Every structure is written in structure tokens, then in C-alpha cells.
Amino acid sequence: MQRITLYSVFSLLALCLLWGCENEGDRLVMQEPGTVALTPSASTVTLTSSGSASNALTLNWTPVNYGVAVPVNYTVQFDKKGNEFKAPIEVTAGQSTTLALSNPDLNHTLLRLGVSPGMSGQIEMRVRSAINRPNDQPGQLTYSAPVTLTGTPYLVIVNYPSLYVPGGYQGWAPDVAPKISSVKSDGSYEGYIYFPAASEFKITSAPNWNSTNYGIGTAPDKISSTGDNLKLAAGGYYLFRVNTGTLTWSATPTTWGVIGAATPKGWDASTPMTYDAKSGTWKAELSLKQDELKFRANDAWTLNFGDNGADGFLEYDGQNIKVPSADTYTIELDLRMPGYYAYKLTKK
């Protein structure tokens, strides 16, 4: 037994010495890595919400070669075209040399990189490779050449908390009533509603009569869950604002127009738009200059819209909207969907 133990020890020492000699005389030396080539399954993609269950894009790349067998991790980077990957979105692929992007994931990436819904834009993609090192520290980094992708994302509609406004003007049907929404989910609701004539109405917390239903409160600007019907004395296009925390409400009548250096009256006065009850939008056909404009209500600046992202969506007090060239345009203002107020400038 003792001999076997001594033999095992000497054998182990011999192996250790042999290993040490082989490491000293025959070190592993990595060569400069070769080029990684990234190949996407498409160079142009148009995404739709109906394709949410499918893969929109598959990326394949050649494995990096360091001359020796070492584990390599890959990361795919996405950035705005021309941004030189200063602030990329990264997706880890592990040691795989392929990455499949689902329709929602690619749509989210395009939107995050500033591509407007329904409009095509360009982004760049590249693969970063890194050798696995102890303590998960990346080793030598290599990058593939950037590849351009032209993509058109779709608008993701967020179902914000909403209240419904059924009344005599629409048949007292809460399931099809206009709604106002709380974009910040803070109990403060807003929306624009057209009343063709004077009407009574209520504000419901669901598209039915089975939940909390608000009527007139203890003062004209107050609501109550036990109150009688609320009333508007005249028809019109109203900005509704309701706060369920303070139990207050307001309905401001509005008429909309465009103003700015691009419009016939410049910055001095609004050019009126006409409400189209069939489409539920405000419209105007105007000869515009190559300049800027904004939308505003009641020929005043209290309620005005601009476009901060040049993406077709409006923000209160937003930046001026640029008209690309002088021409006759159909201008359309769409305030039907809280959180997604929009506009279109269409050349005739």
C-alpha cells in the first residue's frame, strides 16, 4: 500500500514537471485575429404589428480566428447611421455566430434609435468579439465592418388608463364612447371630444355602466360618483381634462388653425382649419412656403402644438414644424388618440 502511494506521488510530480517544461518551451501564442464578416438576411425590412410572432431579421457572421482554440463571446451592436457606435444598443449572442431578431425586438431597436413609426430610416450593425478571460473580463476585442440596415418600424400603441364619456350625443353607449387617457398614469386624464350639439353625459371608469360613473359634483368644476348627468350648453370640439384624485373636470371649446412663417398670415395670426366630422380630424388646404409652422387653438398660444422629434407626433409647446418645400398642401391635425396626437402635411 505504501509503495503504491509513493509511486502515485512520484508519478504526479513527474507529470507536473513535464507539464511545466512543455509550458515553458511550447507556449501558446495567439495570432492577430482574422476579419469577422457580418451577413444579415435582409438589407431592408418593413415591420408590422401583425408579424409580432415571427423573426424579422437573422444575422450571421464568420467566427473570429485567433490561431488557437479559445472561447469567444460575440455581441451585436446597433446604432444610428453615422453615429460611429458612440452609444450603441447591444445584444449578447454568447459563443453563437448567429442572432435572430423577432419582429417586436427589432421594432423596439429601431424606435430607440430614433426611426419614426411608419417612416424608413437607416441604422448600422456590427459584431464585437471578445476572448473569455478570468473573472469575466473581456480580452482582445475585434469588430466586424458595419453593415447598414434600412428599417421601417410600426407604432406601438400603449393602452393608457382611460375614462369614457358616454352621453346623449352618442346614444349613451359607454362601449363605443370617446375616451380620455392618463398618459402618465397619475389620475390626470385628457382628450379631445366632438359634440355635435348641446348634450348631457357622464364619465365612466370602464366601457360599461358596471364600475364607477361620475356626474356633477358640489361645484361646477367638481365631479362625484353619485352625481347627476354633466352638461354642455353648446356643441363644439372640446378639450376634456379630468382628475380623479381631486375630482375635478373641465371642458374647453377649441377651434384650430395653423400659424407660422410658412403660412399665409405668417406669425401674426392663425389660418383657420375646418373640422371634418367624418374623419374626426381638422383639415386645411393651403399654399405654404418653405419655412416653419405650428398648430394652435382659438387664435392664441395657450394651447399650441409643435413636433419635437420631427416624427409626425405632436407635443404641447413643441418645436416649430418645418415645411420641406413651397407647395400646396393638405394639412391634417389628428387629436383623436390621447398620447398620440399627430399631423400630416401632404402635397397636392
# chains A, B, ... in the order shown; residues from 1 in each chain; ligands from 1
$ residues_around --residues "Gly266 in chain A" --least-positions-apart "6" --cutoff "9 Å" --atoms "only C-alpha atoms" --output "list in words"
Ile259, Gly260 and Leu293 of chain A
$ residues_around --residues "Asp221 in chain A" --least-positions-apart "3" --cutoff "7 Å" --atoms "only C-alpha atoms" --output "PyMOL selection string"
chain A and resi 248-250
$ write_last_selection --atoms "N, CA and C atoms" --output "compact mmCIF listing (two decimals), in the first residue's frame"
# COMPACT_ATOMS: atom_id res chain seq x y z
N THR A 248 -62.00 66.78 -10.13
CA THR A 248 -62.27 68.00 -10.89
C THR A 248 -62.33 67.68 -12.38
N TRP A 249 -63.00 68.58 -13.13
CA TRP A 249 -63.07 68.41 -14.57
C TRP A 249 -63.19 69.76 -15.25
N SER A 250 -62.85 69.78 -16.53
CA SER A 250 -63.05 70.97 -17.35
C SER A 250 -63.27 70.53 -18.78
$ residues_around --residues "Thr62 in chain A" --least-positions-apart "4" --cutoff "8 Å" --atoms "only C-alpha atoms" --output "number ranges by chain"
A: 36-38, 97
$ atom_distance --atom1 "CA of Glu90 in chain A" --atom2 "CA of Leu113 in chain A"
11.9 Å
$ closest_residue --among "A:Ser182, A:Thr152, A:Asn298, A:Thr98" --to "Thr48 in chain A" --atoms "only C-alpha atoms"
A:Thr152
$ residues_around --residues "Asn229 in chain A" --least-positions-apart "5" --cutoff "12 Å" --atoms "only C-alpha atoms" --output "list in words"
Val165, Pro166, Gly167, Gly168, Trp172, Ser199, Glu200, Phe201, Lys202, Ile203, Thr204, Asn213, Tyr214, Gly215, Ile216, Gly217, Pro220, Ile223 and Ser224 of chain A
$ write_last_selection --atoms "N, CA and C atoms" --output "PDB file, in the first residue's frame"
ATOM      1  N   VAL A 165     -66.632  58.686 -22.054  1.00  0.00           N
ATOM      2  CA  VAL A 165     -67.567  59.814 -21.955  1.00  0.00           C
ATOM      3  C   VAL A 165     -68.824  59.519 -22.776  1.00  0.00           C
ATOM      4  N   PRO A 166     -69.698  58.650 -22.256  1.00  0.00           N
ATOM      5  CA  PRO A 166     -70.963  58.394 -22.947  1.00  0.00           C
ATOM      6  C   PRO A 166     -71.992  59.476 -22.635  1.00  0.00           C
ATOM      7  N   GLY A 167     -72.881  59.714 -23.588  1.00  0.00           N
ATOM      8  CA  GLY A 167     -73.903  60.732 -23.367  1.00  0.00           C
ATOM      9  C   GLY A 167     -74.959  60.705 -24.444  1.00  0.00           C
ATOM     10  N   GLY A 168     -75.880  61.666 -24.350  1.00  0.00           N
ATOM     11  CA  GLY A 168     -76.954  61.745 -25.323  1.00  0.00           C
ATOM     12  C   GLY A 168     -76.442  61.981 -26.730  1.00  0.00           C
ATOM     13  N   TRP A 172     -75.664  57.210 -25.381  1.00  0.00           N
ATOM     14  CA  TRP A 172     -75.424  56.687 -24.034  1.00  0.00           C
ATOM     15  C   TRP A 172     -74.812  55.279 -24.073  1.00  0.00           C
ATOM     16  N   SER A 199     -75.439  68.699 -24.976  1.00  0.00           N
ATOM     17  CA  SER A 199     -75.727  67.324 -24.573  1.00  0.00           C
ATOM     18  C   SER A 199     -75.451  67.114 -23.092  1.00  0.00           C
ATOM     19  N   GLU A 200     -76.134  66.116 -22.527  1.00  0.00           N
ATOM     20  CA  GLU A 200     -75.791  65.619 -21.203  1.00  0.00           C
ATOM     21  C   GLU A 200     -74.907  64.380 -21.368  1.00  0.00           C
ATOM     22  N   PHE A 201     -74.106  64.114 -20.354  1.00  0.00           N
ATOM     23  CA  PHE A 201     -73.183  62.979 -20.442  1.00  0.00           C
ATOM     24  C   PHE A 201     -72.720  62.598 -19.048  1.00  0.00           C
ATOM     25  N   LYS A 202     -72.024  61.482 -18.965  1.00  0.00           N
ATOM     26  CA  LYS A 202     -71.341  61.072 -17.746  1.00  0.00           C
ATOM     27  C   LYS A 202     -69.921  60.639 -18.094  1.00  0.00           C
ATOM     28  N   ILE A 203     -69.129  60.443 -17.073  1.00  0.00           N
ATOM     29  CA  ILE A 203     -67.754  59.971 -17.249  1.00  0.00           C
ATOM     30  C   ILE A 203     -67.650  58.638 -16.520  1.00  0.00           C
ATOM     31  N   THR A 204     -67.335  57.574 -17.257  1.00  0.00           N
ATOM     32  CA  THR A 204     -67.291  56.241 -16.659  1.00  0.00           C
ATOM     33  C   THR A 204     -65.854  55.732 -16.593  1.00  0.00           C
ATOM     34  N   ASN A 213     -69.083  55.613 -12.003  1.00  0.00           N
ATOM     35  CA  ASN A 213     -69.601  56.540 -13.007  1.00  0.00           C
ATOM     36  C   ASN A 213     -69.708  57.926 -12.380  1.00  0.00           C
ATOM     37  N   TYR A 214     -69.066  58.908 -13.022  1.00  0.00           N
ATOM     38  CA  TYR A 214     -69.006  60.252 -12.447  1.00  0.00           C
ATOM     39  C   TYR A 214     -70.053  61.165 -13.073  1.00  0.00           C
ATOM     40  N   GLY A 215     -70.687  61.968 -12.206  1.00  0.00           N
ATOM     41  CA  GLY A 215     -71.602  63.007 -12.636  1.00  0.00           C
ATOM     42  C   GLY A 215     -71.227  64.322 -11.972  1.00  0.00           C
ATOM     43  N   ILE A 216     -72.167  65.252 -11.943  1.00  0.00           N
ATOM     44  CA  ILE A 216     -71.902  66.582 -11.402  1.00  0.00           C
ATOM     45  C   ILE A 216     -71.613  66.497  -9.903  1.00  0.00           C
ATOM     46  N   GLY A 217     -70.658  67.322  -9.459  1.00  0.00           N
ATOM     47  CA  GLY A 217     -70.280  67.340  -8.055  1.00  0.00           C
ATOM     48  C   GLY A 217     -70.869  68.522  -7.316  1.00  0.00           C
ATOM     49  N   PRO A 220     -69.409  73.561 -10.029  1.00  0.00           N
ATOM     50  CA  PRO A 220     -69.403  73.347 -11.475  1.00  0.00           C
ATOM     51  C   PRO A 220     -68.176  72.602 -11.998  1.00  0.00           C
ATOM     52  N   ILE A 223     -66.661  66.704  -9.871  1.00  0.00           N
ATOM     53  CA  ILE A 223     -67.411  65.513 -10.243  1.00  0.00           C
ATOM     54  C   ILE A 223     -67.648  64.658  -9.006  1.00  0.00           C
ATOM     55  N   SER A 224     -68.643  63.791  -9.096  1.00  0.00           N
ATOM     56  CA  SER A 224     -68.997  62.928  -7.972  1.00  0.00           C
ATOM     57  C   SER A 224     -69.485  61.589  -8.517  1.00  0.00           C
TER      58      SER A 224
END
$ closest_residue --among "A:Ser102, A:Thr75, A:Ser50, A:Ser129" --to "Leu155 in chain A" --atoms "only C-alpha atoms"
A:Ser50
$ closest_residue --among "A:Asp186, A:Thr212, A:Glu315, A:Tyr192" --to "Thr254 in chain A" --atoms "only C-alpha atoms"
A:Tyr192
$ residues_around --residues "Ala300 in chain A" --least-positions-apart "4" --cutoff "10 Å" --atoms "only C-alpha atoms" --output "list in words"
Trp256, Gly257, Ala269, Ser270, Arg296 and Asn304 of chain A
$ atom_distance --atom1 "CA of Val115 in chain A" --atom2 "CA of Leu345 in chain A"
18.5 Å
$ residues_around --residues "Val64 in chain A" --least-positions-apart "4" --cutoff "10 Å" --atoms "only C-alpha atoms" --output "list in words"
Glu32, Pro33, Gly34, Thr35, Val36, Ala37, Val72, Asn73, Tyr74, Thr97, Arg128, Ser129, Ala130, Ile131, Thr142, Tyr143 and Ser144 of chain A
$ atom_distance --atom1 "CA of Lys86 in chain A" --atom2 "CA of Phe313 in chain A"
26.8 Å
$ residues_around --residues "Ala198 in chain A" --least-positions-apart "4" --cutoff "10 Å" --atoms "only C-alpha atoms" --output "mmCIF file with N, CA and C atoms, in the first residue's frame"
data_model
loop_
_atom_site.group_PDB
_atom_site.id
_atom_site.type_symbol
_atom_site.label_atom_id
_atom_site.label_comp_id
_atom_site.auth_asym_id
_atom_site.auth_seq_id
_atom_site.Cartn_x
_atom_site.Cartn_y
_atom_site.Cartn_z
ATOM 1 N N GLY A 168 -75.880 61.666 -24.350
ATOM 2 C CA GLY A 168 -76.954 61.745 -25.323
ATOM 3 C C GLY A 168 -76.442 61.981 -26.730
ATOM 4 N N TYR A 169 -75.295 62.624 -26.866
ATOM 5 C CA TYR A 169 -74.747 62.950 -28.184
ATOM 6 C C TYR A 169 -74.317 61.710 -28.963
ATOM 7 N N LYS A 231 -73.310 68.392 -18.087
ATOM 8 C CA LYS A 231 -73.947 69.034 -19.232
ATOM 9 C C LYS A 231 -72.978 69.964 -19.955
ATOM 10 N N LEU A 232 -73.132 70.021 -21.275
ATOM 11 C CA LEU A 232 -72.502 71.049 -22.095
ATOM 12 C C LEU A 232 -73.613 71.832 -22.778
ATOM 13 N N ALA A 233 -73.535 73.155 -22.680
ATOM 14 C CA ALA A 233 -74.619 74.007 -23.176
ATOM 15 C C ALA A 233 -74.598 74.186 -24.683
ATOM 16 N N ALA A 234 -73.490 73.833 -25.334
ATOM 17 C CA ALA A 234 -73.385 74.021 -26.781
ATOM 18 C C ALA A 234 -72.489 72.939 -27.368
ATOM 19 N N GLY A 235 -72.716 72.672 -28.646
ATOM 20 C CA GLY A 235 -71.848 71.735 -29.334
ATOM 21 C C GLY A 235 -70.489 72.356 -29.600
ATOM 22 N N GLY A 236 -69.529 71.534 -29.977
ATOM 23 C CA GLY A 236 -68.194 72.021 -30.281
ATOM 24 C C GLY A 236 -67.149 70.939 -30.092
#
$ select_by_dssp --residues "range 30-223 of chain A" --states "strand (DSSP E or B)" --output "PyMOL selection string"
chain A and resi 38-40+44-46+55-61+72-80+89-94+98-102+121-131+141-143+147-152+162-164+167+179-181+188-195+199-201+203-204+213-216+222-223
$ closest_residue --among "A:Ser96, A:Ser211, A:Thr148, A:Asn107" --to "Pro40 in chain A" --atoms "only C-alpha atoms"
A:Thr148
$ closest_residue --among "A:Arg241, A:Lys294, A:Lys283, A:Lys347" --to "Asp334 in chain A" --atoms "only C-alpha atoms"
A:Lys283
$ closest_residue --among "A:Ser279, A:Thr263, A:Thr218, A:Thr274" --to "Lys322 in chain A" --atoms "only C-alpha atoms"
A:Thr263
